[in-house]
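*Asks:* Structure: data.cif, mmCIF, C-alpha atoms.
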```cif
data_model
#
loop_
_atom_site.group_PDB
_atom_site.id
_atom_site.type_symbol
_atom_site.label_atom_id
_atom_site.label_comp_id
_atom_site.auth_asym_id
_atom_site.auth_seq_id
_atom_site.Cartn_x
_atom_site.Cartn_y
_atom_site.Cartn_z
ATOM 1 C CA MET A 24 126.093 95.860 81.631
ATOM 2 C CA THR A 25 124.183 99.093 82.139
ATOM 3 C CA ASP A 26 121.441 99.608 84.714
ATOM 4 C CA GLN A 27 118.842 99.777 81.956
ATOM 5 C CA MET A 28 120.037 96.542 80.330
ATOM 6 C CA ALA A 29 120.291 94.772 83.656
ATOM 7 C CA ARG A 30 116.706 95.317 84.723
ATOM 8 C CA SER A 31 115.049 92.055 85.627
ATOM 9 C CA SER A 32 112.626 90.711 83.054
ATOM 10 C CA ARG A 33 110.460 89.122 85.682
ATOM 11 C CA SER A 34 106.844 90.241 85.638
ATOM 12 C CA SER A 35 103.636 89.053 87.203
ATOM 13 C CA ARG A 36 99.969 89.522 86.527
ATOM 14 C CA TRP A 37 97.365 90.965 88.829
ATOM 15 C CA PRO A 38 93.869 90.840 87.307
ATOM 16 C CA LEU A 39 92.318 94.230 86.733
ATOM 17 C CA ALA A 40 89.025 92.955 88.120
ATOM 18 C CA ALA A 41 90.706 92.280 91.467
ATOM 19 C CA ALA A 42 92.165 95.766 91.505
ATOM 20 C CA MET A 43 88.821 97.387 90.907
ATOM 21 C CA ALA A 44 87.029 95.137 93.392
ATOM 22 C CA GLY A 45 89.375 96.396 96.059
ATOM 23 C CA VAL A 46 88.367 99.981 95.325
ATOM 24 C CA LEU A 47 84.731 100.002 94.302
ATOM 25 C CA ALA A 48 81.922 97.464 94.428
ATOM 26 C CA LEU A 49 81.623 97.545 90.671
ATOM 27 C CA SER A 50 81.684 95.110 87.826
ATOM 28 C CA ALA A 51 85.036 93.627 86.885
ATOM 29 C CA ALA A 52 84.587 94.947 83.386
ATOM 30 C CA LEU A 53 87.030 97.773 82.720
ATOM 31 C CA SER A 54 84.513 99.771 80.751
ATOM 32 C CA SER A 55 82.268 100.090 83.783
ATOM 33 C CA CYS A 56 85.000 101.630 85.913
ATOM 34 C CA GLY A 57 85.095 105.045 84.327
ATOM 35 C CA VAL A 58 88.757 104.598 83.400
ATOM 36 C CA VAL A 59 90.059 107.438 81.301
ATOM 37 C CA GLY A 60 91.578 106.625 77.936
ATOM 38 C CA THR A 61 91.388 107.602 74.301
ATOM 39 C CA ALA A 62 92.271 105.988 71.013
ATOM 40 C CA ASP A 63 94.258 109.099 70.128
ATOM 41 C CA ALA A 64 96.350 109.046 73.304
ATOM 42 C CA VAL A 65 99.872 107.656 73.135
ATOM 43 C CA ALA A 66 102.262 106.437 75.807
ATOM 44 C CA ASN A 67 103.868 109.519 77.306
ATOM 45 C CA ALA A 68 107.524 109.623 78.369
ATOM 46 C CA ALA A 69 106.947 112.379 80.928
ATOM 47 C CA PRO A 70 104.133 114.377 82.529
ATOM 48 C CA ASP A 71 102.920 117.351 80.508
ATOM 49 C CA ALA A 72 104.301 119.825 83.057
ATOM 50 C CA PRO A 73 105.940 119.832 86.494
ATOM 51 C CA ILE A 74 103.577 119.475 89.425
ATOM 52 C CA ASN A 75 103.148 122.966 90.848
ATOM 53 C CA GLY A 76 104.400 122.476 94.363
ATOM 54 C CA PRO A 77 104.660 119.277 96.403
ATOM 55 C CA GLN A 78 101.634 120.233 98.499
ATOM 56 C CA GLY A 79 98.724 121.633 96.566
ATOM 57 C CA ARG A 80 95.002 121.876 97.096
ATOM 58 C CA VAL A 81 94.410 118.612 95.282
ATOM 59 C CA PRO A 82 93.361 115.201 96.626
ATOM 60 C CA GLN A 83 96.390 113.515 98.162
ATOM 61 C CA PHE A 84 97.795 111.439 100.977
ATOM 62 C CA ILE A 85 101.388 111.456 102.125
ATOM 63 C CA ALA A 86 103.913 109.463 104.114
ATOM 64 C CA SER A 87 107.026 110.974 105.701
ATOM 65 C CA CYS A 88 109.937 108.556 105.987
ATOM 66 C CA ALA A 89 113.328 108.648 107.676
ATOM 67 C CA VAL A 90 116.421 107.084 106.136
ATOM 68 C CA SER A 91 116.418 103.306 106.494
ATOM 69 C CA HIS A 92 119.906 102.475 105.236
ATOM 70 C CA PHE A 93 122.510 102.960 102.508
ATOM 71 C CA ALA A 94 123.627 100.144 100.210
ATOM 72 C CA PHE A 95 125.256 99.444 96.853
ATOM 73 C CA ASP A 96 122.136 97.452 95.968
ATOM 74 C CA ASP A 97 119.122 97.779 93.703
ATOM 75 C CA PRO A 98 116.593 94.946 94.160
ATOM 76 C CA ILE A 99 114.656 96.067 91.056
ATOM 77 C CA VAL A 100 117.532 96.667 88.635
ATOM 78 C CA HIS A 101 119.959 94.057 90.013
ATOM 79 C CA PRO A 102 117.821 91.561 91.965
ATOM 80 C CA GLY A 103 119.898 88.991 93.812
ATOM 81 C CA HIS A 104 123.217 90.753 93.147
ATOM 82 C CA ALA A 105 124.477 92.484 96.279
ATOM 83 C CA GLY A 106 126.931 95.306 95.631
ATOM 84 C CA ALA A 107 126.176 95.447 91.879
ATOM 85 C CA SER A 108 124.742 98.973 91.875
ATOM 86 C CA HIS A 109 125.880 102.493 92.581
ATOM 87 C CA GLN A 110 125.051 103.508 96.145
ATOM 88 C CA HIS A 111 121.422 104.207 97.028
ATOM 89 C CA VAL A 112 119.717 105.657 100.065
ATOM 90 C CA PHE A 113 116.635 103.676 101.110
ATOM 91 C CA PHE A 114 113.515 104.945 102.869
ATOM 92 C CA GLY A 115 110.596 103.029 104.339
ATOM 93 C CA ASN A 116 110.819 99.248 104.552
ATOM 94 C CA GLU A 117 113.827 98.207 106.640
ATOM 95 C CA ALA A 118 114.004 94.631 105.317
ATOM 96 C CA VAL A 119 115.135 95.606 101.804
ATOM 97 C CA THR A 120 118.245 93.888 100.472
ATOM 98 C CA ALA A 121 119.416 93.005 96.976
ATOM 99 C CA SER A 122 117.804 89.568 97.230
ATOM 100 C CA VAL A 123 114.696 90.256 99.323
ATOM 101 C CA GLY A 124 111.346 88.961 98.068
ATOM 102 C CA TYR A 125 107.964 90.646 98.173
ATOM 103 C CA ASP A 126 106.592 88.319 100.861
ATOM 104 C CA GLU A 127 109.534 89.204 103.119
ATOM 105 C CA LEU A 128 108.667 92.896 102.884
ATOM 106 C CA LEU A 129 105.087 92.489 104.063
ATOM 107 C CA GLY A 130 104.747 93.536 107.685
ATOM 108 C CA ALA A 131 108.439 94.378 108.062
ATOM 109 C CA PRO A 132 109.458 97.422 110.137
ATOM 110 C CA THR A 133 109.290 100.782 108.360
ATOM 111 C CA THR A 134 110.820 104.212 108.894
ATOM 112 C CA CYS A 135 107.640 105.911 107.634
ATOM 113 C CA ASP A 136 105.230 107.708 109.949
ATOM 114 C CA GLN A 137 102.393 105.686 108.444
ATOM 115 C CA ARG A 138 103.222 102.364 110.073
ATOM 116 C CA LEU A 139 101.342 100.377 107.428
ATOM 117 C CA ASP A 140 103.379 101.997 104.654
ATOM 118 C CA THR A 141 105.887 99.188 104.313
ATOM 119 C CA ALA A 142 106.691 100.134 100.719
ATOM 120 C CA SER A 143 110.299 100.860 99.803
ATOM 121 C CA TYR A 144 111.630 104.004 98.144
ATOM 122 C CA TRP A 145 115.210 104.675 97.053
ATOM 123 C CA THR A 146 117.308 107.197 95.128
ATOM 124 C CA PRO A 147 120.995 107.727 94.363
ATOM 125 C CA VAL A 148 123.124 109.419 97.002
ATOM 126 C CA LEU A 149 124.071 113.109 96.784
ATOM 127 C CA LEU A 150 127.857 113.680 96.824
ATOM 128 C CA ASP A 151 129.902 116.790 97.601
ATOM 129 C CA PRO A 152 132.809 117.932 95.355
ATOM 130 C CA ARG A 153 135.162 115.555 97.214
ATOM 131 C CA GLY A 154 132.866 112.607 96.578
ATOM 132 C CA GLN A 155 131.702 112.459 100.188
ATOM 133 C CA ARG A 156 128.121 111.447 100.889
ATOM 134 C CA ILE A 157 125.617 114.114 101.955
ATOM 135 C CA ASP A 158 123.053 112.283 104.056
ATOM 136 C CA PRO A 159 119.389 113.193 103.476
ATOM 137 C CA THR A 160 117.317 114.438 106.386
ATOM 138 C CA GLY A 161 114.315 112.403 105.227
ATOM 139 C CA ALA A 162 111.843 111.900 102.404
ATOM 140 C CA VAL A 163 108.173 112.569 101.756
ATOM 141 C CA ALA A 164 106.027 110.433 99.447
ATOM 142 C CA TYR A 165 103.104 112.350 97.929
ATOM 143 C CA TYR A 166 100.313 110.289 96.343
ATOM 144 C CA ARG A 167 97.956 112.280 94.075
ATOM 145 C CA PRO A 168 96.049 112.059 90.808
ATOM 146 C CA GLY A 169 98.093 112.993 87.764
ATOM 147 C CA ALA A 170 97.410 116.459 86.365
ATOM 148 C CA GLY A 171 93.866 116.597 85.010
ATOM 149 C CA VAL A 172 93.089 112.955 85.838
ATOM 150 C CA ASP A 173 89.661 112.297 87.390
ATOM 151 C CA HIS A 174 90.519 111.437 90.993
ATOM 152 C CA THR A 175 87.431 109.219 91.346
ATOM 153 C CA THR A 176 88.808 106.758 88.762
ATOM 154 C CA LEU A 177 92.130 106.038 90.497
ATOM 155 C CA VAL A 178 92.937 102.393 91.214
ATOM 156 C CA PRO A 179 95.333 101.358 94.021
ATOM 157 C CA TYR A 180 98.668 99.931 92.972
ATOM 158 C CA PRO A 181 98.597 96.157 92.667
ATOM 159 C CA PRO A 182 100.637 94.251 95.255
ATOM 160 C CA ASP A 183 104.316 93.926 94.286
ATOM 161 C CA LEU A 184 104.196 96.751 91.717
ATOM 162 C CA LYS A 185 107.680 98.062 90.933
ATOM 163 C CA MET A 186 108.376 101.391 89.237
ATOM 164 C CA VAL A 187 111.443 103.377 88.215
ATOM 165 C CA ALA A 188 111.338 107.070 87.272
ATOM 166 C CA GLY A 189 114.154 109.148 85.840
ATOM 167 C CA ASP A 190 117.254 107.980 83.989
ATOM 168 C CA ALA A 191 120.383 106.875 85.846
ATOM 169 C CA GLU A 192 122.292 107.093 82.555
ATOM 170 C CA ALA A 193 121.044 110.494 81.394
ATOM 171 C CA ASP A 194 123.718 112.366 79.440
ATOM 172 C CA GLY A 195 121.925 115.697 79.722
ATOM 173 C CA GLU A 196 119.014 117.470 81.334
ATOM 174 C CA GLN A 197 115.892 115.466 82.139
ATOM 175 C CA PRO A 198 112.346 116.888 81.960
ATOM 176 C CA LEU A 199 111.535 118.947 85.044
ATOM 177 C CA SER A 200 108.232 117.087 85.193
ATOM 178 C CA VAL A 201 110.141 113.857 85.946
ATOM 179 C CA VAL A 202 113.280 114.906 87.869
ATOM 180 C CA ALA A 203 113.851 118.313 89.430
ATOM 181 C CA TRP A 204 115.486 120.151 92.319
ATOM 182 C CA SER A 205 113.870 122.738 94.568
ATOM 183 C CA CYS A 206 114.461 124.632 97.786
ATOM 184 C CA GLY A 207 112.170 123.024 100.342
ATOM 185 C CA VAL A 208 108.514 123.089 99.292
ATOM 186 C CA SER A 209 109.018 125.942 96.817
ATOM 187 C CA ALA A 210 107.184 125.545 93.506
ATOM 188 C CA VAL A 211 110.283 126.784 91.647
ATOM 189 C CA ARG A 212 112.002 123.899 89.844
ATOM 190 C CA SER A 213 115.504 123.623 88.388
ATOM 191 C CA VAL A 214 117.390 120.916 86.495
ATOM 192 C CA VAL A 215 120.380 121.228 88.846
ATOM 193 C CA PRO A 216 120.589 122.282 92.501
ATOM 194 C CA THR A 217 120.610 125.994 93.264
ATOM 195 C CA GLU A 218 121.634 127.864 96.392
ATOM 196 C CA CYS A 219 118.733 127.811 98.832
ATOM 197 C CA PRO A 220 117.991 130.762 101.126
ATOM 198 C CA GLY A 221 118.306 130.548 104.888
ATOM 199 C CA ARG A 222 117.869 127.075 106.313
ATOM 200 C CA SER A 223 115.734 125.786 103.450
ATOM 201 C CA THR A 224 116.482 122.182 102.528
ATOM 202 C CA LEU A 225 117.736 121.109 99.109
ATOM 203 C CA ARG A 226 115.065 118.803 97.710
ATOM 204 C CA LEU A 227 115.306 116.175 94.955
ATOM 205 C CA LEU A 228 111.902 115.540 93.335
ATOM 206 C CA VAL A 229 111.147 112.408 91.311
ATOM 207 C CA THR A 230 107.690 111.978 89.736
ATOM 208 C CA PHE A 231 106.525 108.483 88.775
ATOM 209 C CA PRO A 232 104.178 107.280 85.995
ATOM 210 C CA ASP A 233 100.439 107.229 86.684
ATOM 211 C CA CYS A 234 98.986 104.895 84.014
ATOM 212 C CA TRP A 235 99.207 101.088 84.330
ATOM 213 C CA ASP A 236 98.617 98.399 81.704
ATOM 214 C CA GLY A 237 96.381 96.499 84.161
ATOM 215 C CA GLU A 238 98.393 93.265 84.015
ATOM 216 C CA ARG A 239 102.112 93.393 84.730
ATOM 217 C CA THR A 240 103.816 94.521 87.924
ATOM 218 C CA TRP A 241 107.250 94.946 86.334
ATOM 219 C CA THR A 242 108.835 95.025 82.890
ATOM 220 C CA ALA A 243 112.515 95.417 82.155
ATOM 221 C CA SER A 244 112.434 96.770 78.627
ATOM 222 C CA PRO A 245 112.207 100.562 78.163
ATOM 223 C CA ASP A 246 110.354 99.816 74.914
ATOM 224 C CA ASP A 247 107.639 97.763 76.626
ATOM 225 C CA ARG A 248 106.770 99.540 79.850
ATOM 226 C CA HIS A 249 104.069 98.419 82.258
ATOM 227 C CA VAL A 250 103.527 102.019 83.450
ATOM 228 C CA VAL A 251 103.582 105.328 81.551
ATOM 229 C CA TYR A 252 102.578 108.937 82.172
ATOM 230 C CA SER A 253 99.149 110.384 81.480
ATOM 231 C CA SER A 254 98.742 113.262 79.035
ATOM 232 C CA ALA A 255 96.062 115.961 79.135
ATOM 233 C CA GLY A 256 94.419 114.093 82.008
ATOM 234 C CA GLU A 257 94.043 110.827 80.098
ATOM 235 C CA CYS A 258 95.744 107.441 80.048
ATOM 236 C CA PRO A 259 96.520 105.825 76.675
ATOM 237 C CA ASP A 260 94.622 102.763 75.493
ATOM 238 C CA SER A 261 97.783 100.692 75.955
ATOM 239 C CA HIS A 262 97.866 101.622 79.667
ATOM 240 C CA PRO A 263 94.221 102.403 80.489
ATOM 241 C CA VAL A 264 94.291 102.145 84.292
ATOM 242 C CA PRO A 265 94.883 105.417 86.200
ATOM 243 C CA ILE A 266 96.899 104.896 89.380
ATOM 244 C CA PRO A 267 98.008 107.460 91.976
ATOM 245 C CA GLN A 268 100.942 109.551 90.818
ATOM 246 C CA LEU A 269 103.756 109.217 93.334
ATOM 247 C CA GLN A 270 106.113 112.136 93.778
ATOM 248 C CA LEU A 271 109.077 111.309 95.997
ATOM 249 C CA ALA A 272 110.750 114.315 97.635
ATOM 250 C CA VAL A 273 114.152 113.697 99.242
ATOM 251 C CA ASP A 274 115.394 116.481 101.521
ATOM 252 C CA HIS A 275 119.054 117.331 102.138
ATOM 253 C CA PRO A 276 120.624 119.878 104.485
ATOM 254 C CA PRO A 277 121.503 123.316 103.040
ATOM 255 C CA VAL A 278 124.648 122.933 100.957
ATOM 256 C CA ASP A 279 126.737 124.854 98.413
ATOM 257 C CA PRO A 280 125.370 123.622 95.050
ATOM 258 C CA ASP A 281 128.680 123.998 93.197
ATOM 259 C CA GLY A 282 130.346 120.724 92.274
ATOM 260 C CA LEU A 283 127.609 118.401 93.515
ATOM 261 C CA SER A 284 127.097 115.018 91.864
ATOM 262 C CA LEU A 285 125.118 111.834 92.415
ATOM 263 C CA SER A 286 126.365 108.323 93.094
ATOM 264 C CA SER A 287 124.914 107.412 89.675
ATOM 265 C CA GLY A 288 127.107 110.010 87.940
ATOM 266 C CA ALA A 289 126.418 113.615 86.968
ATOM 267 C CA ILE A 290 123.934 115.671 88.968
ATOM 268 C CA THR A 291 121.485 115.280 86.049
ATOM 269 C CA THR A 292 121.235 111.480 86.515
ATOM 270 C CA GLY A 293 118.565 111.737 89.210
ATOM 271 C CA HIS A 294 116.097 108.869 89.443
ATOM 272 C CA GLY A 295 114.014 106.946 91.947
ATOM 273 C CA ASP A 296 112.684 103.456 92.571
ATOM 274 C CA PHE A 297 109.441 102.365 94.246
ATOM 275 C CA TRP A 298 108.366 98.894 95.361
ATOM 276 C CA ASN A 299 104.780 98.607 96.531
ATOM 277 C CA ALA A 300 104.722 96.590 99.734
ATOM 278 C CA TRP A 301 102.063 98.700 101.470
ATOM 279 C CA ASP A 302 99.579 96.887 103.633
ATOM 280 C CA GLN A 303 97.150 96.495 100.738
ATOM 281 C CA ASP A 304 93.994 97.113 102.768
ATOM 282 C CA LYS A 305 95.496 100.340 104.104
ATOM 283 C CA LEU A 306 96.474 101.456 100.601
ATOM 284 C CA VAL A 307 92.945 100.801 99.318
ATOM 285 C CA ASN A 308 91.543 102.817 102.233
ATOM 286 C CA GLU A 309 93.857 105.743 101.472
ATOM 287 C CA VAL A 310 92.768 105.795 97.827
ATOM 288 C CA GLN A 311 89.082 105.524 98.728
ATOM 289 C CA ASN A 312 88.984 107.887 101.699
ATOM 290 C CA CYS A 313 91.409 110.548 100.463
ATOM 291 C CA LEU A 314 91.718 110.520 96.685
ATOM 292 C CA HIS A 315 88.224 109.390 95.700
ATOM 293 C CA ARG A 316 86.635 111.828 98.162
ATOM 294 C CA GLY A 317 88.771 114.683 96.861
ATOM 295 C CA ILE A 318 90.435 115.581 100.162
ATOM 296 C CA THR A 319 93.968 115.912 101.506
ATOM 297 C CA CYS A 320 95.171 113.540 104.207
ATOM 298 C CA ASN A 321 98.207 113.904 106.484
ATOM 299 C CA VAL A 322 99.093 117.292 104.957
ATOM 300 C CA SER A 323 99.871 120.041 107.450
ATOM 301 C CA ALA A 324 100.159 122.931 104.978
ATOM 302 C CA ASN A 325 99.207 123.829 101.410
#
```
Translate the structure described by the file into structure tokens.
*Replies:*
Amino acid sequence: MTDQMARSSRSSRWPLAAAMAGVLALSAALSSCGVVGTADAVANAAPDAPINGPQGRVPQFIASCAVSHFAFDDPIVHPGHAGASHQHVFFGNEAVTASVGYDELLGAPTTCDQRLDTASYWTPVLLDPRGQRIDPTGAVAYYRPGAGVDHTTLVPYPPDLKMVAGDAEADGEQPLSVVAWSCGVSAVRSVVPTECPGRSTLRLLVTFPDCWDGERTWTASPDDRHVVYSSAGECPDSHPVPIPQLQLAVDHPPVDPDGLSLSSGAITTGHGDFWNAWDQDKLVNEVQNCLHRGITCNVSAN
């Protein structure tokens, strides 16, 4: 069974009114929230264009995370089945296993510098030409509005939201706006790793959807997604709730790019997983105090 076919069909509902109440003291009615959407918009399979640099002069907050552990597990794709996945490297929450539940993640230790970021992030492992693992030096999670999206309308992720970006079974190049490689924080993107100058790190970039359907926290079917990408700064009517766009940047030491692969297969099979187990009050504060106010938080350079 493929990773895509094996994705759990479990989903849960988190009322949109509760989401908005946690952000603004507004009515629970969606129309009063200033949510972007248009009847002409359609669910988008990728952002319109790559984000121009991981740190830009746009509203954002970030979390820097060390490696937590490596495991042949994927609690989103193969929940409850230890060893059923290709190898992943995990960042953030240290309690993650194949069978862990959301409640077990809350308040668990984290490798992130923001101690209340107990979310979990994971990607496939980078391999050298001999198939040996190249350990990352760390990861950075950037939370921003999607391109052109009104930052004052963003809603925090609901508790227990799960997202996957990129295709572990890709048989060719993926859009640079979803999966890309760069040298450190350079704005130059490539579909495969390139040789980086000096001591610049080799960085895998995975950009997640930023429009939510307002109800489900996970769906297994690629034809019935609970999250999609915005287009031209708007969310489609099917997914009218704008959420922060997460870009996960995984840094590796300088390495010869020839012959590299991923534990999921070819070097073009990059992807990432995110499980929202943030302290929810802290997440709401970050959205309100950083994104809604249009400022950058925890960013040392632009």
*Asks:* Any chance you could resolve the PyMOL selection byres ((chain A and resi 155) around 12) against this file and give the residues as a ChimeraX atom specification?
*Replies:* /A:110,148-154,156-158,282-286
*Asks:* Assuming the chain letters and numbering stay as they are in my file, what does the PyMOL selection byres ((chain A and resi 178) around 6) actually select? List them as a PyMOL selection string.
*Replies:* chain A and resi 177+179+266
*Asks:* Taking a cut-off of 10 Å and counting only C-alpha atoms, can you build a table that, for each residue of stretch 232-262 of chain A near stretch 180-188 of chain A, reports the nearest atom pair and how far apart they are in Å (one decimal), sorted by chain then residue number, as CSV?
*Replies:*
```
residue,atom,partner,partner_atom,distance
A:Pro232,CA,A:Ala188,CA,7.3
A:Asp233,CA,A:Tyr180,CA,9.8
A:Trp235,CA,A:Tyr180,CA,8.7
A:Gly237,CA,A:Pro181,CA,8.8
A:Glu238,CA,A:Pro181,CA,9.1
A:Arg239,CA,A:Leu184,CA,8.0
A:Thr240,CA,A:Leu184,CA,4.4
A:Trp241,CA,A:Lys185,CA,5.6
A:Thr242,CA,A:Lys185,CA,8.7
A:Arg248,CA,A:Met186,CA,9.7
A:His249,CA,A:Met186,CA,8.7
A:Val250,CA,A:Met186,CA,7.6
A:Val251,CA,A:Ala188,CA,9.8
```
*Asks:* Output C-alpha atoms of each residue in that selection to a file, as an mmCIF file, in the coordinates of the input.
*Replies:*
```cif
data_model
loop_
_atom_site.group_PDB
_atom_site.id
_atom_site.type_symbol
_atom_site.label_atom_id
_atom_site.label_comp_id
_atom_site.auth_asym_id
_atom_site.auth_seq_id
_atom_site.Cartn_x
_atom_site.Cartn_y
_atom_site.Cartn_z
ATOM 1 C CA PRO A 232 104.178 107.280 85.995
ATOM 2 C CA ASP A 233 100.439 107.229 86.684
ATOM 3 C CA TRP A 235 99.207 101.088 84.330
ATOM 4 C CA GLY A 237 96.381 96.499 84.161
ATOM 5 C CA GLU A 238 98.393 93.265 84.015
ATOM 6 C CA ARG A 239 102.112 93.393 84.730
ATOM 7 C CA THR A 240 103.816 94.521 87.924
ATOM 8 C CA TRP A 241 107.250 94.946 86.334
ATOM 9 C CA THR A 242 108.835 95.025 82.890
ATOM 10 C CA ARG A 248 106.770 99.540 79.850
ATOM 11 C CA HIS A 249 104.069 98.419 82.258
ATOM 12 C CA VAL A 250 103.527 102.019 83.450
ATOM 13 C CA VAL A 251 103.582 105.328 81.551
#
```
*Asks:* Taking all atoms listed in the file into account, which of A:Gly103, A:Gly169, A:Gly161, A:Pro280 comes nearest A:Ser253?
*Replies:*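 Among the listed residues, A:Gly169 lies closest to A:Ser253.
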*Asks:* Atom CA of A:Gln311 and atom CA of A:Val264 are how many Å apart?
*Replies:*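 If I compute the distance from atom CA of A:Gln311 to atom CA of A:Val264, I get 15.7 Å.
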*Asks:* Do a neighbour search on A:Thr175 at 8 Å with all atoms listed in the file, toss out local chain neighbours closer than 5 positions, and write the hits as a list in words.
*Replies:* Leu314, His315, Arg316 and Gly317 of chain A
*Asks:* Might I get the box with edges along x, y and z of the file that holds all atoms of stretch 179-195 of chain A listed there, padded by 4 Å on every side, given as centre and edge lengths in Å to one decimal, as JSON?
*Replies:*
```
{"center_x": 109.5, "center_y": 104.8, "center_z": 87.3, "size_x": 36.4, "size_y": 29.8, "size_z": 23.8}
```
*Asks:* Pick out the residues sitting within 8 Å of A:Arg167, and hand them over as a PDB file with C-alpha atoms, in the coordinates of the input; count all atoms listed in the file, and ignore anything fewer than 3 positions along from it in its own chain.
*Replies:*
```
ATOM      1  CA  VAL A  81      94.410 118.612  95.282  1.00  0.00           C
ATOM      2  CA  PRO A  82      93.361 115.201  96.626  1.00  0.00           C
ATOM      3  CA  GLN A  83      96.390 113.515  98.162  1.00  0.00           C
ATOM      4  CA  PHE A  84      97.795 111.439 100.977  1.00  0.00           C
ATOM      5  CA  PRO A 267      98.008 107.460  91.976  1.00  0.00           C
ATOM      6  CA  GLN A 268     100.942 109.551  90.818  1.00  0.00           C
ATOM      7  CA  LEU A 269     103.756 109.217  93.334  1.00  0.00           C
ATOM      8  CA  LEU A 314      91.718 110.520  96.685  1.00  0.00           C
TER       9      LEU A 314
END
```
